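Peer 1: Structure file query36.cif (mmCIF, C-alpha atoms) is given on the next line.
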data_protein
loop_
_atom_site.label_atom_id
_atom_site.label_comp_id
_atom_site.auth_asym_id
_atom_site.auth_seq_id
_atom_site.Cartn_x
_atom_site.Cartn_y
_atom_site.Cartn_z
CA MET H 1 35.83 -34.44 -4.62
CA SER H 2 36.06 -37.45 -6.92
CA ALA H 3 35.83 -35.09 -9.92
CA LEU H 4 38.74 -33.11 -8.54
CA LEU H 5 40.77 -36.27 -8.05
CA ALA H 6 39.95 -37.42 -11.58
CA ALA H 7 40.98 -34.04 -12.96
CA ALA H 8 44.23 -34.19 -10.99
CA ALA H 9 44.91 -37.70 -12.32
CA LEU H 10 44.24 -36.54 -15.87
CA SER H 11 46.54 -33.57 -15.53
CA ALA H 12 49.28 -35.89 -14.24
CA VAL H 13 49.20 -37.95 -17.47
CA PRO H 14 52.00 -36.72 -19.69
CA THR H 15 50.72 -35.47 -23.00
CA LEU H 16 52.19 -34.08 -26.18
CA VAL H 17 49.35 -31.63 -26.82
CA GLY H 18 50.77 -28.21 -27.59
CA LYS H 19 54.22 -29.58 -28.36
CA PRO H 20 55.84 -30.23 -31.76
CA ALA H 21 55.02 -33.73 -33.00
CA PRO H 22 58.15 -35.94 -32.85
CA ASP H 23 59.23 -36.63 -36.40
CA PHE H 24 59.48 -40.17 -37.73
CA ALA H 25 60.15 -42.05 -40.94
CA LEU H 26 58.64 -45.50 -41.33
CA ARG H 27 58.22 -48.11 -44.02
CA SER H 28 54.65 -48.45 -45.23
CA MET H 29 52.66 -51.39 -46.48
CA ASP H 30 52.99 -50.27 -50.12
CA GLY H 31 56.80 -50.32 -49.81
CA LYS H 32 57.25 -46.55 -49.69
CA ASN H 33 58.91 -44.78 -46.79
CA ARG H 34 56.95 -41.94 -45.25
CA ARG H 35 58.18 -39.14 -43.02
CA LEU H 36 55.79 -37.13 -40.87
CA SER H 37 57.55 -33.80 -41.44
CA GLU H 38 56.93 -34.09 -45.19
CA PHE H 39 53.23 -33.52 -44.51
CA ARG H 40 53.87 -30.10 -42.98
CA GLY H 41 51.15 -27.77 -44.21
CA GLN H 42 48.49 -30.46 -43.98
CA VAL H 43 46.47 -31.69 -41.03
CA VAL H 44 47.71 -35.16 -40.06
CA LEU H 45 45.85 -37.79 -38.07
CA VAL H 46 48.22 -40.43 -36.73
CA ASN H 47 46.52 -43.55 -35.45
CA PHE H 48 48.65 -45.99 -33.47
CA TRP H 49 47.06 -49.41 -33.52
CA ALA H 50 47.81 -53.03 -32.67
CA ARG H 51 46.32 -56.34 -33.67
CA TRP H 52 45.72 -57.30 -30.06
CA ALA H 53 43.79 -54.11 -29.26
CA GLY H 54 40.14 -54.97 -29.98
CA ASP H 55 39.13 -51.31 -30.33
CA SER H 56 41.43 -50.93 -33.33
CA ARG H 57 39.06 -53.16 -35.28
CA GLN H 58 36.23 -50.68 -34.67
CA GLU H 59 38.26 -47.55 -35.10
CA MET H 60 40.00 -48.26 -38.40
CA PRO H 61 36.81 -48.36 -40.55
CA ALA H 62 35.70 -45.08 -38.95
CA LEU H 63 39.06 -43.50 -39.77
CA ASP H 64 38.83 -44.82 -43.32
CA ARG H 65 35.49 -43.01 -43.76
CA ILE H 66 37.02 -39.80 -42.36
CA ASN H 67 39.98 -40.16 -44.71
CA THR H 68 37.74 -40.66 -47.75
CA THR H 69 35.70 -37.57 -46.91
CA TYR H 70 38.43 -35.14 -45.84
CA ASN H 71 41.43 -36.30 -47.86
CA ARG H 72 40.80 -33.76 -50.60
CA ALA H 73 40.39 -31.00 -48.01
CA GLY H 74 43.97 -31.45 -46.83
CA LEU H 75 43.74 -34.23 -44.25
CA VAL H 76 46.33 -37.02 -44.15
CA VAL H 77 45.60 -40.17 -42.17
CA LEU H 78 48.51 -42.42 -41.19
CA GLY H 79 47.99 -45.73 -39.43
CA VAL H 80 51.01 -46.85 -37.43
CA SER H 81 51.16 -50.47 -36.33
CA VAL H 82 53.11 -51.05 -33.13
CA ASP H 83 53.05 -54.85 -33.50
CA GLU H 84 56.47 -56.46 -33.26
CA ASP H 85 55.46 -59.00 -35.89
CA TRP H 86 54.95 -56.84 -38.96
CA ARG H 87 53.85 -59.78 -41.12
CA ARG H 88 50.86 -60.51 -38.91
CA ALA H 89 50.14 -56.79 -38.65
CA ARG H 90 50.15 -56.66 -42.41
CA GLU H 91 47.65 -59.51 -42.64
CA PHE H 92 45.41 -57.70 -40.19
CA ALA H 93 45.65 -54.43 -42.13
CA ASP H 94 44.94 -56.29 -45.39
CA ALA H 95 41.79 -57.71 -43.86
CA MET H 96 40.67 -54.26 -42.67
CA LYS H 97 40.94 -52.93 -46.27
CA VAL H 98 41.62 -49.31 -45.32
CA GLY H 99 42.59 -46.77 -47.96
CA TYR H 100 45.11 -44.77 -45.94
CA PRO H 101 48.81 -45.68 -45.59
CA ILE H 102 49.72 -48.23 -42.95
CA LEU H 103 53.21 -47.89 -41.46
CA PHE H 104 55.12 -50.34 -39.28
CA ASP H 105 56.92 -49.36 -36.09
CA THR H 106 58.43 -52.70 -35.18
CA THR H 107 60.98 -51.29 -32.77
CA ALA H 108 58.36 -49.31 -30.78
CA ASP H 109 60.67 -46.28 -30.82
CA ILE H 110 58.04 -44.01 -32.31
CA GLY H 111 55.44 -45.24 -29.82
CA ARG H 112 57.77 -44.30 -26.97
CA ASN H 113 58.24 -40.81 -28.36
CA TYR H 114 54.47 -40.40 -28.55
CA LEU H 115 53.98 -41.50 -24.92
CA LEU H 116 51.56 -44.28 -25.86
CA ARG H 117 49.65 -45.44 -22.80
CA LYS H 118 46.61 -47.20 -24.22
CA MET H 119 45.88 -48.72 -27.60
CA PRO H 120 44.64 -47.57 -30.00
CA MET H 121 45.79 -43.98 -29.70
CA THR H 122 44.98 -41.13 -32.06
CA ILE H 123 46.95 -37.92 -32.42
CA LEU H 124 46.00 -34.86 -34.47
CA VAL H 125 48.83 -32.69 -35.78
CA ASP H 126 48.08 -29.23 -37.15
CA ARG H 127 49.49 -27.63 -40.31
CA SER H 128 52.51 -26.28 -38.45
CA GLY H 129 53.45 -29.67 -37.00
CA VAL H 130 52.14 -29.18 -33.46
CA VAL H 131 50.14 -31.87 -31.66
CA ARG H 132 46.68 -30.42 -31.03
CA TYR H 133 44.66 -33.40 -29.87
CA SER H 134 45.34 -36.76 -28.36
CA SER H 135 42.92 -39.56 -27.54
CA ALA H 136 43.70 -42.90 -25.95
CA GLY H 137 41.43 -45.89 -26.56
CA PHE H 138 38.34 -45.83 -28.73
CA LYS H 139 34.64 -46.05 -28.04
CA SER H 140 31.64 -45.46 -30.21
CA GLY H 141 31.22 -41.72 -30.77
CA ASP H 142 34.90 -40.85 -30.47
CA ASP H 143 35.07 -40.48 -34.25
CA LEU H 144 32.62 -37.57 -33.94
CA ALA H 145 35.04 -35.86 -31.57
CA TYR H 146 37.82 -36.44 -34.13
CA LEU H 147 35.64 -34.92 -36.85
CA GLU H 148 34.97 -31.82 -34.81
CA LYS H 149 38.68 -31.28 -34.19
CA ILE H 150 39.63 -32.07 -37.79
CA ARG H 151 37.16 -29.50 -39.14
CA GLU H 152 38.54 -26.94 -36.71
CA LEU H 153 42.14 -27.61 -37.78
CA LEU H 154 41.31 -27.65 -41.49
CA ARG H 155 39.74 -24.21 -41.14
CA GLU H 156 42.94 -22.73 -39.67
CA MET L 157 87.04 -16.49 -24.03
CA ASN L 158 86.98 -20.08 -22.81
CA SER L 159 83.83 -22.13 -22.25
CA LYS L 160 83.75 -21.64 -18.49
CA SER L 161 83.93 -17.85 -18.62
CA ARG L 162 81.40 -17.87 -21.45
CA VAL L 163 78.97 -19.88 -19.31
CA ILE L 164 79.43 -17.44 -16.43
CA SER L 165 78.88 -14.50 -18.77
CA ILE L 166 75.72 -16.05 -20.21
CA VAL L 167 74.30 -16.91 -16.79
CA MET L 168 74.94 -13.38 -15.53
CA ARG L 169 73.39 -11.77 -18.58
CA SER L 170 70.34 -14.02 -18.47
CA THR L 171 69.89 -13.26 -14.73
CA ILE L 172 70.03 -9.52 -15.40
CA LEU L 173 67.54 -9.88 -18.24
CA ALA L 174 65.18 -12.05 -16.18
CA PHE L 175 65.37 -9.54 -13.32
CA ALA L 176 64.74 -6.63 -15.66
CA TRP L 177 61.80 -8.45 -17.18
CA THR L 178 60.32 -9.19 -13.73
CA MET L 179 60.66 -5.58 -12.65
CA GLY L 180 59.02 -4.34 -15.83
CA PRO L 181 60.51 -2.29 -18.65
CA CYS L 182 59.87 1.05 -16.91
CA SER L 183 61.70 0.15 -13.75
CA PRO L 184 65.17 1.47 -12.98
CA ALA L 185 66.48 -2.11 -13.11
CA ALA L 186 65.23 -2.49 -16.63
CA ALA L 187 66.66 0.83 -17.59
CA ALA L 188 70.07 -0.01 -16.19
CA PRO L 189 71.35 -2.08 -19.15
CA ALA L 190 70.26 0.60 -21.56
CA ALA L 191 72.69 3.12 -20.10
CA ALA L 192 73.19 4.74 -23.46
CA ALA L 193 69.52 5.57 -23.76
CA PRO L 194 68.74 9.26 -23.33
CA PRO L 195 67.31 10.22 -19.93
CA PRO L 196 63.62 11.01 -19.66
CA PRO L 197 62.64 14.62 -20.15
CA ALA L 198 63.48 16.88 -17.27
CA ALA L 199 61.06 18.70 -15.05
CA PRO L 200 60.22 21.70 -17.26
CA ALA L 201 56.93 21.02 -18.93
CA PRO L 202 56.88 20.98 -22.71
CA ALA L 203 55.33 23.88 -24.50
CA PRO L 204 51.57 23.54 -24.68
CA ALA L 205 50.32 22.40 -28.04
CA VAL L 206 47.43 24.82 -27.91
CA ALA L 207 47.88 28.24 -26.41
CA ALA L 208 45.45 29.36 -23.78
CA PRO L 209 42.87 31.79 -25.11
CA LYS L 210 43.67 35.36 -24.41
CA ALA L 211 41.51 37.04 -21.87
CA ASP L 212 40.81 39.93 -24.17
CA ALA L 213 39.75 37.81 -27.09
CA ALA L 214 36.30 38.48 -28.35
CA PRO L 215 33.70 35.90 -27.33
CA GLY L 216 33.14 33.39 -30.07
CA ALA L 217 36.30 34.41 -31.86
CA ASP L 218 38.72 31.73 -33.09
CA ALA L 219 41.19 31.18 -30.27
CA ALA L 220 43.79 29.32 -32.28
CA PRO L 221 47.34 30.59 -31.67
CA ALA L 222 49.13 32.47 -34.36
CA ALA L 223 51.82 29.80 -34.55
CA SER L 224 49.37 27.15 -35.72
CA GLU L 225 48.47 29.22 -38.77
CA GLU L 226 51.99 28.90 -40.12
CA PRO L 227 53.09 25.64 -41.69
CA PRO L 228 55.68 23.79 -39.61
CA ALA L 229 59.26 24.33 -40.64
CA PRO L 230 60.76 21.50 -42.68
CA GLY L 231 62.40 18.91 -40.48
CA THR L 232 60.54 19.87 -37.33
CA PRO L 233 58.73 17.02 -35.57
CA ALA L 234 55.02 16.80 -36.09
CA THR L 235 52.95 17.83 -33.14
CA ASP L 236 51.27 14.34 -32.94
CA SER L 237 54.57 12.45 -32.50
CA PRO L 238 54.63 10.03 -29.48
CA PRO L 239 55.63 11.55 -26.18
CA ALA L 240 59.26 11.27 -25.13
CA GLU L 241 58.48 8.75 -22.34
CA PHE L 242 57.02 6.32 -24.89
CA LYS L 243 60.14 6.72 -27.01
CA THR L 244 62.32 5.87 -24.03
CA LEU L 245 60.17 2.85 -23.24
CA ASP L 246 60.39 1.67 -26.83
CA GLN L 247 64.18 2.05 -26.81
CA GLU L 248 64.37 0.03 -23.60
CA VAL L 249 62.25 -2.75 -25.08
CA GLN L 250 64.35 -2.75 -28.24
CA GLY L 251 67.50 -2.92 -26.12
CA MET L 252 66.15 -5.89 -24.19
CA LYS L 253 65.15 -7.62 -27.41
CA LYS L 254 68.65 -7.23 -28.76
CA GLU L 255 70.09 -8.61 -25.51
CA VAL L 256 67.84 -11.66 -25.76
CA ILE L 257 68.86 -12.26 -29.38
CA ASP L 258 72.56 -11.95 -28.50
CA LEU L 259 72.12 -14.27 -25.54
CA ASN L 260 70.33 -16.83 -27.69
CA LYS L 261 73.15 -16.73 -30.24
CA ASP L 262 75.79 -17.21 -27.54
CA LEU L 263 73.84 -20.12 -26.04
CA PHE L 264 73.63 -21.80 -29.45
CA VAL L 265 77.37 -21.43 -30.04
CA LEU L 266 78.12 -22.72 -26.55
CA GLN L 267 75.82 -25.72 -27.03
CA GLU L 268 77.57 -26.58 -30.29
CA GLU L 269 80.98 -26.26 -28.64
CA LEU L 270 80.02 -28.39 -25.66
CA LEU L 271 78.10 -31.09 -27.49
CA PHE L 272 80.32 -31.36 -30.53
CA PRO L 273 83.75 -30.02 -29.68
CA ALA L 274 85.76 -29.58 -32.83
CA ASN L 275 88.60 -31.73 -31.55
CA THR L 276 86.49 -34.87 -31.27
CA GLN L 277 83.91 -34.16 -33.94
CA VAL L 278 83.11 -36.67 -36.67
CA ALA L 279 80.64 -35.82 -39.40
CA VAL L 280 79.38 -38.23 -42.05
CA TYR L 281 77.71 -37.03 -45.24
CA VAL L 282 75.81 -38.86 -47.99
CA SER L 283 75.90 -37.91 -51.65
CA MET L 284 74.58 -39.63 -54.74
CA ASP L 285 75.50 -39.31 -58.37
CA VAL L 286 73.30 -40.33 -61.33
CA GLY L 287 71.49 -43.20 -59.54
CA ALA L 288 70.39 -45.05 -62.68
CA PHE L 289 71.37 -48.39 -61.14
CA PHE L 290 70.34 -47.79 -57.57
CA ALA L 291 67.29 -46.39 -55.76
CA LEU L 292 68.27 -45.60 -52.18
CA ASP L 293 66.02 -46.87 -49.41
CA SER L 294 68.07 -46.76 -46.21
CA VAL L 295 71.57 -46.33 -44.80
CA THR L 296 72.85 -47.93 -41.61
CA LEU L 297 76.06 -46.67 -40.04
CA LYS L 298 78.26 -48.57 -37.64
CA ILE L 299 81.28 -47.04 -35.98
CA ASP L 300 83.60 -49.50 -34.22
CA ASN L 301 80.93 -52.18 -34.58
CA LYS L 302 78.27 -50.10 -32.83
CA GLU L 303 75.22 -48.94 -34.76
CA VAL L 304 75.06 -45.18 -34.58
CA LYS L 305 72.50 -44.35 -37.24
CA ASN L 306 69.77 -45.95 -39.27
CA TYR L 307 68.18 -43.59 -41.76
CA LEU L 308 65.15 -44.35 -43.90
CA TYR L 309 64.82 -42.27 -47.08
CA THR L 310 61.52 -41.10 -48.48
CA ALA L 311 61.15 -40.69 -52.25
CA ARG L 312 61.50 -36.93 -51.84
CA GLU L 313 64.76 -37.22 -49.89
CA ALA L 314 66.26 -39.69 -52.36
CA ASP L 315 65.25 -37.34 -55.16
CA ALA L 316 66.97 -34.44 -53.41
CA LEU L 317 70.20 -36.47 -53.25
CA LEU L 318 69.94 -37.27 -56.94
CA LYS L 319 69.60 -33.57 -57.68
CA GLY L 320 72.96 -32.93 -56.04
CA GLY L 321 71.98 -32.54 -52.41
CA VAL L 322 74.42 -33.62 -49.70
CA GLN L 323 72.97 -34.87 -46.44
CA GLU L 324 74.65 -34.74 -43.05
CA ILE L 325 73.57 -38.15 -41.81
CA TYR L 326 75.61 -38.29 -38.63
CA LEU L 327 77.39 -35.91 -36.29
CA GLY L 328 79.11 -37.31 -33.23
CA ASN L 329 82.27 -37.45 -31.20
CA LEU L 330 85.18 -39.87 -31.24
CA LYS L 331 88.42 -40.12 -29.34
CA ALA L 332 91.67 -39.71 -31.22
CA GLY L 333 93.01 -42.92 -32.72
CA LYS L 334 92.03 -45.58 -35.25
CA HIS L 335 88.35 -46.22 -35.93
CA GLU L 336 86.31 -48.24 -38.38
CA LEU L 337 83.20 -47.01 -40.14
CA VAL L 338 80.90 -49.48 -41.88
CA ALA L 339 77.99 -48.25 -43.99
CA PHE L 340 75.21 -50.52 -45.25
CA PHE L 341 73.15 -49.30 -48.17
CA THR L 342 69.80 -50.89 -48.98
CA GLY L 343 67.58 -50.11 -51.92
CA LYS L 344 66.64 -51.31 -55.34
CA GLY L 345 69.41 -52.20 -57.76
CA PRO L 346 69.34 -52.86 -61.47
CA VAL L 347 66.08 -54.42 -62.77
CA GLU L 348 64.24 -53.40 -59.59
CA ARG L 349 65.94 -56.08 -57.50
CA GLY L 350 66.50 -55.73 -53.78
CA TYR L 351 70.05 -54.61 -53.19
CA LYS L 352 72.16 -54.46 -50.07
CA ARG L 353 75.82 -53.50 -50.07
CA GLY L 354 78.35 -52.42 -47.53
CA ALA L 355 81.40 -50.18 -47.56
CA THR L 356 84.11 -49.96 -44.93
CA ILE L 357 86.78 -47.47 -44.09
CA THR L 358 89.38 -47.39 -41.36
CA PHE L 359 90.39 -43.89 -40.49
CA ASP L 360 92.69 -42.10 -38.11
CA LYS L 361 91.04 -39.55 -35.91
CA GLY L 362 93.60 -36.96 -35.01
CA VAL L 363 93.25 -33.50 -33.50
CA GLY L 364 90.54 -31.56 -35.30
CA ALA L 365 87.25 -32.49 -36.90
CA LYS L 366 86.94 -35.46 -39.25
CA TYR L 367 84.68 -35.42 -42.29
CA LEU L 368 83.68 -38.57 -44.16
CA GLU L 369 81.52 -38.82 -47.25
CA LEU L 370 79.47 -41.83 -48.34
CA LYS L 371 79.38 -41.66 -52.13
CA ILE L 372 76.94 -43.61 -54.24
CA THR L 373 77.83 -43.58 -57.91
CA ASP L 374 77.05 -45.61 -61.03
CA ARG L 375 79.65 -47.84 -62.58
CA VAL L 376 78.49 -47.73 -66.18
CA THR L 377 80.84 -50.43 -67.48
CA LYS L 378 79.46 -53.03 -65.05
CA HIS L 379 75.90 -51.68 -64.95
CA GLN L 380 76.13 -51.69 -61.18
CA PRO L 381 76.08 -49.06 -58.45
CA GLU L 382 79.28 -48.33 -56.57
CA PHE L 383 79.60 -47.40 -52.90
CA LYS L 384 82.64 -45.57 -51.62
CA ILE L 385 83.65 -43.76 -48.47
CA LYS L 386 85.81 -40.71 -48.90
CA ASP L 387 87.93 -39.30 -46.12
CA TRP L 388 88.12 -35.49 -46.36
CA ASP L 389 91.37 -34.70 -44.63
#
Let's see the structure in the file written out as structure tokens.
Peer 2:
Amino acid sequence: MSALLAAAALSAVPTLVGKPAPDFALRSMDGKNRRLSEFRGQVVLVNFWARWAGDSRQEMPALDRINTTYNRAGLVVLGVSVDEDWRRAREFADAMKVGYPILFDTTADIGRNYLLRKMPMTILVDRSGVVRYSSAGFKSGDDLAYLEKIRELLRE
Amino acid sequence: MNSKSRVISIVMRSTILAFAWTMGPCSPAAAAPAAAAPPPPAAPAPAPAVAAPKADAAPGADAAPAASEEPPAPGTPATDSPPAEFKTLDQEVQGMKKEVIDLNKDLFVLQEELLFPANTQVAVYVSMDVGAFFALDSVTLKIDNKEVKNYLYTAREADALLKGGVQEIYLGNLKAGKHELVAFFTGKGPVERGYKRGATITFDKGVGAKYLELKITDRVTKHQPEFKIKDWD
């Protein structure tokens, strides 16, 4: 019974899986502007993170390792900070020393479009621009689930 | 046809299509729109492809009919062509497909007319010429002191503008009368310095669509970029 209730609760959570990923253009830490739709044809992992979300600190190094391994295979990793204070977010990102682009969504508009409900949140977008996977929060072992999905999408 | 009658026409057509689809393509309802389609073959059975063996044929003898020994006359249908009922079904499906495409087109036109009626339409375009003194980063548009658009350019988009591309940055509606458009351009100016400039235009919105163009050009004599707004009357 409790499993049924849990399943019903999960199905009630709005999700973007199966829908086209809302496009966005954001300024990145290196000064360049990046637009999601320009990565059409590649598999894109979008990771929404915030300084105040403790799990982001664990997740970002794991994503950096994934990026290093699968970048040449056609994977693009984008980290999107939803912190209002982009300067402090920048300091945090500097300290994390990740190799993938970090973008700043200071107005939280993009976060709203992506129905963020828990931080950090990771979205996988396939080569045709459709959201195929969404995961809220991060715990040890979640990166293995990401890897499985990424391999599947890269093979398509 | 005005918008109201067009809406009624579209709703009716979509209802018929939905009904036909629910009933299945073989049903009479589905067949109704395709009135021009030929009726299914009548009761008389088609000629058998293989003639029945004659009673007096010798046992073990080849029972193939005489007709099959002759090559088919040019232009006659091959004996393995799909049966007539499949042809009819295919025509019905094709007819329905065409209806759906027509309906989709009408809906698109209607949506454009309702959302952006030509009488109140205002379109703003961005173009860039040369760009030696300015690298575009973003454009913010304000109409009557209200921000209506903030567009961030990627390197690829800025490059497309430099190659002669024209971008429709804003499409909206305004009442007839006087209006003010302010455009803020940010980017990198000469010697890689941060650059922010504005341009303003006051325009009269009359009956009919209004087209405005934000033009970024180089003023060679001053070694500075120049920002203008052109009103295409």
Peer 1: With all atoms listed in the file as the counted atoms, please give the residues lying no more than 9 Å from segment 302-306 of chain L, apart from itself and same-chain residues fewer than 3 positions off, as a ChimeraX atom specification.
Peer 2: /L:294-299,325-326,328
Peer 1: Just to confirm, what's the straight-line distance from atom CA of Val76 of chain H to atom CA of Arg27 of chain H in Å (one decimal)?
Peer 2: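 Going from atom CA of Val76 of chain H over to atom CA of Arg27 of chain H covers 16.3 Å.
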Peer 1: List the residues selected by the PyMOL selection byres ((chain L) within 10 of (chain H)) in the file shown, writing them as an MDAnalysis selection string.
Peer 2: chainID L and resid 293:294 307:313
Peer 1: Could you tell me which residues the PyMOL selection byres ((chain H and resi 155) around 12) grabs in this file, written as a ChimeraX atom specification?
Peer 2: /H:42-43,70,73-75,126-127,148-154,156
Peer 1: From the options L:Asp315, L:Asp360, L:Asp258, L:Asp246, which residue's atoms come nearest to Glu336 of chain L, counting only C-alpha atoms?
Peer 2: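 Going through L:Asp315, L:Asp360, L:Asp258, L:Asp246 one by one, the smallest distance to Glu336 of chain L is for L:Asp360.
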Peer 1: With a distance cut-off of 9 Å and only C-alpha atoms, select the neighbouring residues of segment 89-101 of chain H, excluding the residue or stretch itself and same-chain residues fewer than 5 positions from it, and output the selection as a list in words.
Peer 2: Ser28, Met29, Asp30, Arg34, Ala50, Arg51, Arg57, Met60, Pro61, Leu63, Asp64, Arg65, Asn67, Thr68, Val76, Val77, Leu78, Gly79, Val80, Ser81, Val82, Asp83 and Glu84 of chain H
Peer 1: For atom CA of Ala62 of chain H and atom CA of Leu36 of chain H, determine how far apart the two atoms are, in Å to one decimal place.
Peer 2: 21.7 Å
Peer 1: What's the separation between atom CA of Trp86 of chain H and atom CA of Leu292 of chain L, in Å to one decimal place?
Peer 2: 21.9 Å
Peer 1: Quick one: residues within 9 Å of segment 129-144 of chain H, all atoms listed in the file, excluding same-chain residues fewer than 6 positions away - as a PyMOL selection string?
Peer 2: chain H and resi 15-22+36-37+39-44+53+55-56+58-59+62-63+66+116-123+153
Peer 1: List the residues selected by the PyMOL selection byres ((chain L and resi 255) around 12) in the file shown, writing them as a list in words.
Peer 2: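 For this structure, the PyMOL selection byres ((chain L and resi 255) around 12) captures Ile166, Arg169, Ser170, Thr171, Ile172, Leu173, Ala174, Ala176, Trp177, Ala186, Pro189, Ala190, Glu248, Val249, Gln250, Gly251, Met252, Lys253, Lys254, Val256, Ile257, Asp258, Leu259, Asn260, Lys261 and Asp262 of chain L.
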Peer 1: If we draw a sphere of 8 Å around (76.2, -34.3, -27.7), which residues have at least one atom in it when counting only C-alpha atoms? Please report them as a list in words.
Peer 2: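 Checked against the point, the hits come out as Leu270, Leu271, Phe272, Gly328 and Asn329 of chain L.
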Peer 1: Store the residues of this selection in a file with C-alpha atoms, as a tab-separated table (two decimals), in the frame of the given file.
Peer 2:
chain	number	residue	atom	x	y	z
L	270	LEU	CA	80.02	-28.39	-25.66
L	271	LEU	CA	78.10	-31.09	-27.49
L	272	PHE	CA	80.32	-31.36	-30.53
L	328	GLY	CA	79.11	-37.31	-33.23
L	329	ASN	CA	82.27	-37.45	-31.20
